[in-house]
There are 2 protein chains.
Amino acid sequence: MTETPHPLYAAHAETLTRALTAITERGYWSAYPESPSPRVYGETAAADGEAAFRAYLGGDFPLDQPGAGDRVATEVSPFGVDLGVRYPHADPDALIAAATTALPAWRDAGPRTRTGVCLEILARLHRHVFELANAVQFTSGQAFVMAFQAGGAHALDRALEAVAYAYAEMNRHPGTADWEKPAGKGEPLRMVKTFHVVPRGVALVIGCNTFPTWNSYPGLFASLVTGNPVLVKPHPRAVLPLAITVRYAREVLAEAGFDPNLVQLAVEAPGEGLASGLATRPEVKIVDFTGSTEYGDWLEDNARQAAVYTEKAGLNTVVVDSTDDFAGMCRNLGFTLTLYSGQMCTTSQNILIPAGGIETDQGHRSFDEVAAGIAAAVGKLTGDPARGVELTGAIVNDGVLERLTEAAKLGEVVLESRTVEHPKYPGAVVRTPTIVKLAADAAEIYGREWFGPISFVIATDSTEHSLRIFRDTVGAGGALTAGVYSTDEDVLDAAEKVAVDVGVHLSCNLTGGVFVNQSAAFSDFHASGANPAANAALTDGAYVANRFRIVQSRRHA
Amino acid sequence: MTETPHPLYAAHAETLTRALTAITERGYWSAYPESPSPRVYGETAAADGEAAFRAYLGGDFPLDQPGAGDRVATEVSPFGVDLGVRYPHADPDALIAAATTALPAWRDAGPRTRTGVCLEILARLHRHVFELANAVQFTSGQAFVMAFQAGGAHALDRALEAVAYAYAEMNRHPGTADWEKPAGKGEPLRMVKTFHVVPRGVALVIGCNTFPTWNSYPGLFASLVTGNPVLVKPHPRAVLPLAITVRYAREVLAEAGFDPNLVQLAVEAPGEGLASGLATRPEVKIVDFTGSTEYGDWLEDNARQAAVYTEKAGLNTVVVDSTDDFAGMCRNLGFTLTLYSGQMCTTSQNILIPAGGIETDQGHRSFDEVAAGIAAAVGKLTGDPARGVELTGAIVNDGVLERLTEAAKLGEVVLESRTVEHPKYPGAVVRTPTIVKLAADAAEIYGREWFGPISFVIATDSTEHSLRIFRDTVGAGGALTAGVYSTDEDVLDAAEKVAVDVGVHLSCNLTGGVFVNQSAAFSDFHASGANPAANAALTDGAYVANRFRIVQSRRHA
C-alpha cells in the first residue's frame, strides 16, 4: 500500500503548489482564464466547442457504463433549443456495485496519485471548456459568457480549490512516522506507524439546474481525490454538462490505469426519485447537494448513513443606509439583479431602505428615488434586447414564471418584469427583473425565498430597523450573501456585527466591478455553513476533512 | 473585532509551537510527565493532591454557577470510599442562557487569545494533577498510577493535542487578505477581506464513568478554543474529576477577564435525563459523547441541530497466527486484559486462534496452550493481591459484575474471574479477568460487546478464517483497536488490508512495553471514525474543523 505517485502528479505539481499557496493566502488567483477570447483560447476554440456540443444533440451520449439498458432524454432548454440527448438510464444496483469494486485500487493508489489524476481531469475538462460552456448555457439558461465563466473557468477553479484543500488535509499527517519513547535507563520503545488515508465509501453528487458544474464540481472532486468513487446525479433538466464531465473524467481515469467506474453518471427517468434512492443506500457515505431547502432538509434527515453537504435557499439581503456614490450603488445593485435574471442563489432579494430616504453624494434621496435608481440601472442593462439577453440569459423553468406572476400582486411594482424576444433564439423564455415595494411588516412575504428575478425594496423605520430585520430574517431563514451601503463606519461595523452573529458573508459598499452575488474561488468563501442556507462552505477544512478517515497500523521498529 | 492577543498567548507560545510540530510529525512527544514520581513533581505533590481531593469529600463543591439552587450527590466509589460531594444542581435554562451571554466576547477575542487562555487552563489543571488523579481513581475505579497517567497527564496531552489541531485549523486562513484582480488595461479591482472565526454555538460534553477526563478533554477544549461556551455534563458516578476541571477552568477564565460561564458544570439528579434535554436544545450546536452504542446512536439520531461526535462500543479483536516470541505475546496480551480489569474501550475482547494451534519460537503450541499462556500471564499479574489491584483497580459498576456472572456460563472457562480483597480499601469491588473459550460459530456471543474483564479465545479453522471473522465482526460492530501476531509478512499484510477495509487501527506483534489498548497522544489516533465504534477520531482535522465556521466581510481597498 505504499504510494509511488503516478507521473500525472509530477505533471501537475506546479498547479498544485500554486493552488496550495492560494488557499493559504486567499488573495487573488485563478488557474483557468475566464475570458473566452480567441486571444486566450485560440481562434477555433469557440467554434470547435460549439460543434462538439451540437454533435451531442439528438443522439446517444457516448458513455459506456455498467447496467445501462434503455436510454432517457429529459432536458428542455430554456433557450428553446431542441436538445434530445439520450443518456444511459442508470441501474442503481449496478452503479453502486461498480463503484464499490473500483474503490480499493483507487484508495491504495494514495493521495498523490489521486491528486495527479484529478488535476489531469481538470486539465482535460479545461481543454473542453467551450463544449462545457455551451452545455451549461443551453441547459441552465445562462448567457454564453456567464456559462463560460461560472460554468467553465470558475467551476474549474472551485474544483481545483477543493482538490487543494483535500490534498493539504490528506498530507497534514505523514504517511509513516517513527515513534521513540524514552524508557528510563532501558532501551527506548520504538515503533513504526503507518497512516492510511481511507475513503468513506461511495459518494453521491446531486446537481442543480442553474449551476450544474459550478455547484457540483467541489463535492465531486473533493470526494474523488480523497478516494471515494463518485456517482454524479444531474438535475433532469441539466444533464449534459455533467455527462460531459463524467465522460472526460472516465477517459482520464482509464488512461491512468484506473477503473473508469470511479466516476459514473446516474441519470433517471422523469419522476423516478433516483437521488433519494441512492442517497439512502448504505454504501453511500457522502452526499453533496445544491437545491431547495425542502429537499436539502430531507437529505439531511434521511441520508443518515452519510455525511451530507447541502446548499439550500436563503434570504439574501442588502442594507442601504447611505452612500458616497449613488450612481455606482444603483449600477452595482442593478447588475446584481439583472445577471442571469436573478436566478443565482446569491442574488439579493431583500433591499432594506429607510422609508425616510438616505443621504448620498447627490444629496438626500427619498425611498422612492433609491428604488427608482436601482430600477433605472436594471432598465438600462436590459433596455436593448440584444445586449440585455447576454446578461439575463433565459428563465430556467416554469416555477420562476409562476413566481413572477405572483410577485406582481404583492405590492407596488417599482419595476415591471418584461418579456423579451431573444434576437437569436426565438424559443428562449426571457424575462427582465421585477422590483416590488413592500412595507417592513410584510415579513410573511419577504421572509421566504422568491427564487428568480424578483427583488423587494422594503421600507424600514431606520437603518437600525433595517439591521434588526436583517438579523431576524437571515437568522431564521439563512442567506448566502449580504450587502451594506453606508458612509458611516459605525453602521458598517454594526452591519458586520449582525453578519457575524447570523453567520452570513457581507460585502460593503460595492459600487464597482465586484458584485455581492459573485464569489471568487481561492479567496471568497461561498456560503458559510453558519446559517440555515447551507451546512458547509466552498471551500474550507470542514468541507474536505471528513471525506476520508485515517487508519493506522503500528509495529515495533 | 481585531485581535490583540492576551499575554497568556505569548506565555504558552513555546508549548503551542512544540505541539504544532508534534501533530505534524506524529512521532513521540508529551507535554505533561506521566510519572507521578516525587523526582518529577516534587516531594509534597502527591500528599498535597490527595489532601485537596479529601477536602472535597462530604462537602459542597466550590462552584459558583448560575441557576444553582439545591445540591446533588450521586457518586458511588468503586473503591468503597464514601465520597458524598454535593454539586450545584443545574437548571438547564440558566446554564444555556449564561453560556449564550458569554459567547460574543469570547468569540471576538480571537483564536490566539482563546488559545492562550486554554493553554493556561491546561497548565492550571496540570498544577492540580494529583488532585485530579485522586478524583479519577475514586470515581472510575482505576488504580492510582493509571488514574494519574490516563486521567491526568495523558488526558492533558490529548487536550493539548486538540487545542493544537484547532489552532492550526483556525489559522489555516489569514485574518485578513488583500485581493487584487487585474482588469485589463484599467485599474485592478482591489478588495480587503476579513475572515472571522465564528463558533457554532453552545457545546455540550457528556462524560463517561470510566475515563471522565481522558474522554472529555479533547471535545471540551476543541470546542472551547474555537469559541464555543461549553456545558460539561459528567456521568453521575464520575462527577468530581470534571467538577475540578470546571472549577479551575472558570478560575482561569475569570482571571483572564472572561466570563467564567464559558465553562459550566451540568450536574443532574438521578434519573433526570439532563444529557438528553441539553443535547436537543436548539442553542446546543456541538455534542461530544463517550459511552454506550445505544445512547450514542440516540444522540446521533436526536441531536439533529448539533454536530455530534461519539465514541461508542466495539469488538476489539486480536488475530493470533504465529509468533517468534510466545512468552512476550502472552505477557503483552495478559497485561492488556488485566489493566483496569479490562474496562477500557480499547481492551481486546475477541482473540482469534486457529483450533489447530500456532507455530512459535517454542515450537508448535496447541490452541489450549496459547489460551493457557495468556491466562497464565494474567494469573501472574494478579496473583499477588497487593500488586494485582494496582493494575486491575476496581469494578466500575454492577453491570460489569452481572456480565462476569453471565460470561462464566457461555463456554469453557479458561481463566476464572476471582474476587480480590483490596489490601487498602476493604470496600473495593475487585475482580480479575476471565477468559472463555468459544467456537467460531458462536458469533451471537462474541459479535457483541462484553464490557469488562471478559475476553474470548475463539477457535477458528485457520488464520484465513480468523481474518474473515475479524472482517465480518468489526465491519458490522466496529472496534477501537485490533491486533495481529504473525511471523509471516503475508499474514501481516492481509491483516492490515482487512484493518484498512473495516477502518480499525491495527497493532502488529506487540510483545514489549506497548499495548494494543493504549494510544499515545500526538502520535496514535484513538478511534478512526471509519467503523461503527466511533464517528470521529482523537484528534484529526475532521474533529476540529466543523466546530467553527468562517464568516467573511469584504470592502473596496
# chains A, B, ... in the order shown; residues from 1 in each chain; ligands from 1
call {"tool": "closest_atom_pairs", "arguments": {"of": "chain A", "to": "chain B", "cutoff": "8 Å", "atoms": "only C-alpha atoms", "output": "Markdown table"}}
result
| residue | atom | partner | partner_atom | distance |
| --- | --- | --- | --- | --- |
| A:Ile23 | CA | B:His173 | CA | 7.4 |
| A:Thr24 | CA | B:His173 | CA | 5.6 |
| A:Glu25 | CA | B:Pro174 | CA | 6.5 |
| A:Arg26 | CA | B:Ala177 | CA | 6.3 |
| A:Gly27 | CA | B:Trp179 | CA | 4.6 |
| A:Tyr28 | CA | B:Trp179 | CA | 4.9 |
| A:Trp29 | CA | B:Lys181 | CA | 7.9 |
| A:Glu169 | CA | B:Gly541 | CA | 7.3 |
| A:Arg172 | CA | B:Thr24 | CA | 6.3 |
| A:His173 | CA | B:Thr24 | CA | 5.6 |
| A:Pro174 | CA | B:Glu25 | CA | 6.5 |
| A:Ala177 | CA | B:Gly27 | CA | 5.8 |
| A:Asp178 | CA | B:Gly27 | CA | 5.6 |
| A:Trp179 | CA | B:Gly27 | CA | 4.6 |
| A:Glu180 | CA | B:Tyr28 | CA | 5.7 |
| A:Lys181 | CA | B:Tyr28 | CA | 6.0 |
| A:Leu189 | CA | B:Gly513 | CA | 7.0 |
| A:His196 | CA | B:Val500 | CA | 7.4 |
| A:Val198 | CA | B:Val500 | CA | 7.0 |
| A:Arg200 | CA | B:Ala530 | CA | 7.0 |
| A:Glu496 | CA | B:Ser553 | CA | 7.1 |
| A:Ala499 | CA | B:Val551 | CA | 7.7 |
| A:Val500 | CA | B:Val551 | CA | 6.2 |
| A:Gly503 | CA | B:Val551 | CA | 5.9 |
| A:Val504 | CA | B:Val551 | CA | 6.1 |
| A:His505 | CA | B:Gln552 | CA | 4.9 |
| A:Leu506 | CA | B:Ser553 | CA | 4.5 |
| A:Ser507 | CA | B:Arg554 | CA | 5.0 |
| A:Cys508 | CA | B:Arg555 | CA | 4.8 |
| A:Asn509 | CA | B:Arg555 | CA | 6.5 |
| A:Leu510 | CA | B:Arg555 | CA | 7.0 |
| A:Gly513 | CA | B:Leu189 | CA | 7.0 |
| A:Val514 | CA | B:Leu189 | CA | 7.6 |
| A:Ser523 | CA | B:Trp179 | CA | 7.5 |
| A:Asp524 | CA | B:Gln552 | CA | 7.7 |
| A:Phe525 | CA | B:Gln552 | CA | 7.3 |
| A:Ser528 | CA | B:Val551 | CA | 6.0 |
| A:Gly529 | CA | B:Arg549 | CA | 6.5 |
| A:Ala530 | CA | B:Arg549 | CA | 6.0 |
| A:Gly541 | CA | B:Ala545 | CA | 5.8 |
| A:Ala542 | CA | B:Ala545 | CA | 4.7 |
| A:Ala545 | CA | B:Ala542 | CA | 4.7 |
| A:Asn546 | CA | B:Ala542 | CA | 5.2 |
| A:Arg549 | CA | B:Ala530 | CA | 6.0 |
| A:Ile550 | CA | B:Ser528 | CA | 6.2 |
| A:Val551 | CA | B:His505 | CA | 5.4 |
| A:Gln552 | CA | B:His505 | CA | 4.9 |
| A:Ser553 | CA | B:Leu506 | CA | 4.5 |
| A:Arg554 | CA | B:Ser507 | CA | 5.0 |
| A:Arg555 | CA | B:Cys508 | CA | 4.9 |
| A:His556 | CA | B:Leu510 | CA | 7.1 |
call {"tool": "write_last_selection", "arguments": {"atoms": "C-alpha atoms", "output": "JSON list (two decimals), in the first residue's frame"}}
result
[["chain", "number", "residue", "atom", "x", "y", "z"],
["A", 23, "ILE", "CA", -5.75, 28.66, -0.32],
["A", 24, "THR", "CA", -3.30, 29.67, 2.37],
["A", 25, "GLU", "CA", -3.20, 33.32, 1.36],
["A", 26, "ARG", "CA", -6.72, 33.67, -0.02],
["A", 27, "GLY", "CA", -5.75, 36.61, -2.19],
["A", 28, "TYR", "CA", -6.49, 36.74, -5.91],
["A", 29, "TRP", "CA", -5.59, 33.76, -8.05],
["A", 169, "GLU", "CA", -5.75, 17.73, 4.56],
["A", 172, "ARG", "CA", -1.48, 17.01, 7.18],
["A", 173, "HIS", "CA", -0.07, 13.83, 8.66],
["A", 174, "PRO", "CA", 2.87, 11.89, 7.28],
["A", 177, "ALA", "CA", 6.19, 8.10, 11.42],
["A", 178, "ASP", "CA", 8.87, 6.77, 13.74],
["A", 179, "TRP", "CA", 7.94, 6.85, 17.39],
["A", 180, "GLU", "CA", 10.62, 6.54, 20.02],
["A", 181, "LYS", "CA", 9.66, 6.86, 23.65],
["A", 189, "LEU", "CA", 10.38, 1.90, 22.91],
["A", 196, "HIS", "CA", -3.55, 5.12, 5.70],
["A", 198, "VAL", "CA", -9.15, 5.72, 3.78],
["A", 200, "ARG", "CA", -15.66, 6.90, 3.44],
["A", 496, "GLU", "CA", -20.67, 43.42, 10.25],
["A", 499, "ALA", "CA", -23.39, 39.41, 9.79],
["A", 500, "VAL", "CA", -21.06, 37.65, 12.22],
["A", 503, "GLY", "CA", -23.23, 33.86, 10.07],
["A", 504, "VAL", "CA", -23.52, 35.40, 6.62],
["A", 505, "HIS", "CA", -20.80, 36.80, 4.37],
["A", 506, "LEU", "CA", -21.02, 40.58, 3.99],
["A", 507, "SER", "CA", -19.99, 42.88, 1.15],
["A", 508, "CYS", "CA", -19.60, 46.56, 1.99],
["A", 509, "ASN", "CA", -20.19, 49.48, -0.38],
["A", 510, "LEU", "CA", -19.82, 47.62, -3.65],
["A", 513, "GLY", "CA", -16.78, 45.73, -10.72],
["A", 514, "VAL", "CA", -17.28, 43.38, -7.76],
["A", 523, "SER", "CA", -10.38, 33.97, -1.90],
["A", 524, "ASP", "CA", -14.10, 34.30, -1.14],
["A", 525, "PHE", "CA", -15.87, 31.60, 0.79],
["A", 528, "SER", "CA", -20.66, 29.94, 5.44],
["A", 529, "GLY", "CA", -22.24, 26.83, 6.91],
["A", 530, "ALA", "CA", -23.17, 29.10, 9.82],
["A", 541, "GLY", "CA", -11.13, 22.46, 6.00],
["A", 542, "ALA", "CA", -14.51, 21.26, 7.22],
["A", 545, "ALA", "CA", -11.70, 16.75, 6.35],
["A", 546, "ASN", "CA", -14.49, 14.25, 6.92],
["A", 549, "ARG", "CA", -10.54, 8.86, 7.66],
["A", 550, "ILE", "CA", -7.11, 7.80, 8.82],
["A", 551, "VAL", "CA", -6.47, 4.19, 9.74],
["A", 552, "GLN", "CA", -3.15, 3.48, 11.33],
["A", 553, "SER", "CA", -1.06, 0.39, 11.80],
["A", 554, "ARG", "CA", 1.95, 0.17, 14.03],
["A", 555, "ARG", "CA", 4.66, -2.33, 14.74],
["A", 556, "HIS", "CA", 7.96, -2.46, 16.56]]
call {"tool": "residues_around", "arguments": {"residues": "B:Phe456", "least_positions_apart": "3", "cutoff": "9 Å", "atoms": "only C-alpha atoms", "output": "VMD selection string"}}
result
chain B and resid 348 to 352 434 to 438 446
call {"tool": "residues_around", "arguments": {"residues": "B:Thr336", "least_positions_apart": "5", "cutoff": "10 Å", "atoms": "only C-alpha atoms", "output": "PyMOL selection string"}}
result
chain B and resi 330-331+341-342+344+346-348+378+514-518
call {"tool": "write_last_selection", "arguments": {"atoms": "N, CA, C and O atoms", "output": "tab-separated table (two decimals), in the first residue's frame"}}
result
chain	number	residue	atom	x	y	z
B	330	CYS	N	2.23	-13.58	25.14
B	330	CYS	CA	1.31	-13.90	26.24
B	330	CYS	C	1.38	-12.81	27.32
B	330	CYS	O	0.35	-12.38	27.86
B	331	ARG	N	2.58	-12.37	27.64
B	331	ARG	CA	2.76	-11.31	28.64
B	331	ARG	C	2.03	-10.05	28.19
B	331	ARG	O	1.32	-9.41	28.96
B	341	SER	N	-8.81	-3.97	34.89
B	341	SER	CA	-9.63	-5.18	34.69
B	341	SER	C	-10.50	-5.10	33.42
B	341	SER	O	-11.71	-5.27	33.47
B	342	GLY	N	-9.83	-4.81	32.33
B	342	GLY	CA	-10.48	-4.90	31.01
B	342	GLY	C	-11.56	-3.87	30.76
B	342	GLY	O	-12.33	-3.99	29.80
B	344	MET	N	-11.41	-0.90	29.66
B	344	MET	CA	-11.06	0.15	28.71
B	344	MET	C	-11.83	-0.11	27.42
B	344	MET	O	-12.05	-1.26	27.04
B	346	THR	N	-10.75	0.08	24.79
B	346	THR	CA	-9.75	-0.43	23.84
B	346	THR	C	-9.28	-1.84	24.18
B	346	THR	O	-8.45	-2.40	23.45
B	347	THR	N	-9.76	-2.39	25.28
B	347	THR	CA	-9.33	-3.74	25.68
B	347	THR	C	-9.78	-4.78	24.65
B	347	THR	O	-10.91	-4.74	24.18
B	348	SER	N	-8.90	-5.71	24.37
B	348	SER	CA	-9.23	-6.77	23.40
B	348	SER	C	-10.30	-7.68	23.99
B	348	SER	O	-10.19	-8.13	25.13
B	378	VAL	N	-2.02	-13.45	32.81
B	378	VAL	CA	-2.97	-12.71	33.65
B	378	VAL	C	-2.83	-13.16	35.09
B	378	VAL	O	-2.78	-12.34	36.03
B	514	VAL	N	4.58	-1.75	24.68
B	514	VAL	CA	3.47	-1.04	24.04
B	514	VAL	C	2.29	-2.01	23.96
B	514	VAL	O	2.49	-3.18	23.63
B	515	PHE	N	1.11	-1.52	24.26
B	515	PHE	CA	-0.06	-2.40	24.37
B	515	PHE	C	-1.16	-1.94	23.43
B	515	PHE	O	-1.34	-0.73	23.22
B	516	VAL	N	-1.90	-2.91	22.92
B	516	VAL	CA	-2.91	-2.61	21.91
B	516	VAL	C	-3.98	-1.67	22.47
B	516	VAL	O	-4.61	-0.90	21.73
B	517	ASN	N	-4.20	-1.69	23.77
B	517	ASN	CA	-5.25	-0.87	24.37
B	517	ASN	C	-4.78	0.53	24.74
B	517	ASN	O	-5.56	1.30	25.28
B	518	GLN	N	-3.54	0.84	24.45
B	518	GLN	CA	-3.06	2.19	24.76
B	518	GLN	C	-2.73	2.95	23.48
B	518	GLN	O	-2.13	2.40	22.56
call {"tool": "residues_around", "arguments": {"residues": "A:Ala11", "least_positions_apart": "5", "cutoff": "10 Å", "atoms": "only C-alpha atoms", "output": "number ranges by chain"}}
result
A: 6, 16, 116-117, 119-120
call {"tool": "write_last_selection", "arguments": {"atoms": "N, CA and C atoms", "output": "CSV table (one decimal), in the first residue's frame"}}
result
chain,number,residue,atom,x,y,z
A,6,HIS,N,1.8,8.4,-9.5
A,6,HIS,CA,1.6,8.4,-10.9
A,6,HIS,C,2.3,9.6,-11.5
A,16,LEU,N,-0.6,22.5,-8.6
A,16,LEU,CA,-0.9,22.2,-7.2
A,16,LEU,C,-0.3,23.1,-6.2
A,116,GLY,N,-2.9,13.8,-8.7
A,116,GLY,CA,-2.4,14.0,-10.1
A,116,GLY,C,-3.5,13.6,-11.1
A,117,VAL,N,-4.2,12.5,-10.9
A,117,VAL,CA,-5.3,12.1,-11.8
A,117,VAL,C,-6.4,13.2,-11.8
A,119,LEU,N,-6.2,16.3,-11.1
A,119,LEU,CA,-5.7,17.6,-11.8
A,119,LEU,C,-5.7,17.3,-13.3
A,120,GLU,N,-5.4,16.1,-13.8
A,120,GLU,CA,-5.5,15.8,-15.2
A,120,GLU,C,-6.9,15.9,-15.7
call {"tool": "closest_residue", "arguments": {"among": "A:Thr473, A:Asn302, A:Thr139, A:Thr323", "to": "A:Leu242", "atoms": "only C-alpha atoms"}}
result
A:Thr139
